[in-house]
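As structure tokens, the structure follows; a few thoughts come after it.
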Amino acid sequence: MAVADYKIVYLDPTDWNQWDRFVGQTPQGSIFQTSAYINCVKKAFERPAEIVTVFRRNRLVGGVVLYPQKHFGLPYVGTPFFVPRNGFILDEFKESFFYYKRINSRNKVLELLLKEIESRFVFCALQQSSEEDLRQLMWKNWQFIPDYTVVVYLQQNKDIFQQMDKDVRRRIRIFEKTGFKFEQLKQLNPVYKLLEESYGRHGLNPPIARSHFIEFSQSLLNSNLGKCFAVNQGGEISAFALVVENFPAVYGLFSGRNFIKAYSNAELYLQWRIIQEYQANGYKIFDMLGGMVPSIAKVKLELGGRLVRRDNVRYFRNRFYEFLFDIEASRKRKKRSL
């Protein structure tokens, strides 16, 4: 099939349901790339979003969600913290019997998407699974930065509790006797201070302001995209976790606990109850979204999680733009430090 049979199409928001169907049929697709989630981002952060697709004749065969911005007057695409999964989604071309032909078709789609991005932006940051064929990006000198998350496989081992660290099991059992209540929250105003305390424990400010956190998180709950669970005693919340549901996977987007009082086991107990909740409901994966900070990863791994690699991929039009954006990234890191 000639490259001329493929064309770039920017989907109008009225056609985003077509994109949603495509996302749901592909292994790379996730809830974070659907119109429902995109609209929550647009509403809470007032960020423009585009869905750039490739059509082969009248069939959608690939695409990517972009959040374009400008800095120093330069157009670029970043991947916001609150969009933890966002990369190229490609058709599997299952109608072709030969593996080589399927790969060749996917490369044609990816090549068109890369050309479109490189012609419009001086910088682009996305994320891809390391199991995919990413040679097209390598041939075009995109940068790869390994990134790890921690995943609990909910159905592979029914007795997850026995796979946890012995000390973690002991602490959970002790906490179960304290009379704390596991509950689902509908309002999120009380929990932002716990997010601040958790990041502060690691010497950081939260990556999201209070007003944005409340509006965005509430929007996820109101849209039935997520749930917020908490551990409560006497009306005081000691730990919370906001998850995003995308059966058969559930993602841990935000969490925090009270570090001022002696509730050191509250977060462990909360995560264990969430594991139980989704395992009982037939979910297969609990992606805890994050495994690069040693102290945070340690707790997740002790809960029975396994490291899974993805790749952050970046494009710079030239070294000068890379220099500019590295300076900006350094400034943002310093701003987050307490």
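Identifiers in this document derive from the order of the structure tokens: chains are assigned A, B, ..., residues are numbered from 1 separately in each chain, and ligands are numbered from 1 in order of occurrence.
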
9 Å contact set for range 76-81 of chain A, only C-alpha atoms, chain neighbours under 4 positions out, as a VMD selection string: chain A and resid 66 to 71 85 to 86 117 120 to 127 207 to 208

DSSP alpha helix (DSSP H) residues within range 145-234 of chain A, listed as a PyMOL selection string: chain A and resi 166-176+192-201+210-222

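If only C-alpha atoms are the atoms counted, then among A:Pro84, A:Gly234, A:Gly179, A:Gly282 the closest residue to Phe32 in chain A is A:Pro84.
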
Residue contacts of Glu131 in chain A (9 Å, only C-alpha atoms) excluding same-chain residues fewer than 2 positions away, as a PyMOL selection string: chain A and resi 128-129+133-134+309-310

If you count only C-alpha atoms, which residues fall within 9 Å of Arg257 in chain A, apart from same-chain ones fewer than 6 positions away, as a CSV table (one decimal) with N, CA and C atoms, in the first residue's frame?
chain,number,residue,atom,x,y,z
A,191,VAL,N,-8.9,16.8,51.2
A,191,VAL,CA,-7.8,15.9,51.0
A,191,VAL,C,-6.5,16.5,50.4
A,193,LYS,N,-4.7,18.9,51.5
A,193,LYS,CA,-3.6,19.1,52.5
A,193,LYS,C,-2.8,17.8,52.7
A,194,LEU,N,-3.4,16.7,52.5
A,194,LEU,CA,-2.7,15.4,52.6
A,194,LEU,C,-1.8,15.2,51.5
A,195,LEU,N,-2.2,15.7,50.3
A,195,LEU,CA,-1.3,15.6,49.1
A,195,LEU,C,-0.1,16.5,49.4
A,196,GLU,N,-0.3,17.7,49.9
A,196,GLU,CA,0.8,18.6,50.2
A,196,GLU,C,1.8,18.0,51.2
A,197,GLU,N,1.2,17.3,52.3
A,197,GLU,CA,2.1,16.7,53.3
A,197,GLU,C,2.9,15.6,52.7
A,198,SER,N,2.3,14.8,51.8
A,198,SER,CA,3.0,13.7,51.2
A,198,SER,C,4.2,14.1,50.4
A,237,ILE,N,-9.7,12.4,58.1
A,237,ILE,CA,-9.2,11.6,57.0
A,237,ILE,C,-7.7,11.5,57.2
A,238,SER,N,-7.2,10.3,57.3
A,238,SER,CA,-5.7,10.1,57.5
A,238,SER,C,-5.0,9.7,56.3
A,239,ALA,N,-5.7,9.2,55.2
A,239,ALA,CA,-5.1,8.9,54.0
A,239,ALA,C,-6.1,8.8,52.9
A,240,PHE,N,-5.7,9.2,51.7
A,240,PHE,CA,-6.7,9.1,50.6
A,240,PHE,C,-6.0,8.7,49.3
A,241,ALA,N,-6.7,8.2,48.3
A,241,ALA,CA,-6.2,7.8,47.0
A,241,ALA,C,-7.3,8.0,46.0
A,263,TYR,N,0.0,8.3,61.8
A,263,TYR,CA,-0.8,7.4,61.0
A,263,TYR,C,0.0,6.7,59.9
A,264,SER,N,1.2,6.3,60.3
A,264,SER,CA,2.2,5.7,59.3
A,264,SER,C,1.6,4.5,58.6
A,266,ALA,N,-1.6,4.0,57.8
A,266,ALA,CA,-2.9,4.3,57.1
A,266,ALA,C,-2.8,4.2,55.6
A,267,GLU,N,-1.8,4.6,55.0
A,267,GLU,CA,-1.7,4.5,53.5
A,267,GLU,C,-1.5,3.1,53.1

Close residues, Glu95 in chain A itself excluded, 12 Å, only C-alpha atoms, min 6 positions apart in chain, as a ChimeraX atom specification: /A:101-102,105

How would the residues just chosen look if you wrote them out with N, CA and C atoms as a short mmCIF file (atom, residue, chain, number, x, y, z; two decimals), in the first residue's frame?
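Just written: again_28.cif:
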data_model
loop_
_atom_site.label_atom_id
_atom_site.label_comp_id
_atom_site.auth_asym_id
_atom_site.auth_seq_id
_atom_site.Cartn_x
_atom_site.Cartn_y
_atom_site.Cartn_z
N LYS A 101 4.50 -7.21 6.97
CA LYS A 101 3.58 -6.26 6.33
C LYS A 101 2.84 -5.43 7.38
N ARG A 102 2.49 -6.07 8.50
CA ARG A 102 1.81 -5.31 9.56
C ARG A 102 2.72 -4.24 10.12
N SER A 105 3.13 -1.34 7.63
CA SER A 105 1.97 -0.45 7.62
C SER A 105 1.98 0.48 8.83
#

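Put simply, CA of Gln155 in chain A is 6.7 Å away from CA of Gln279 in chain A.
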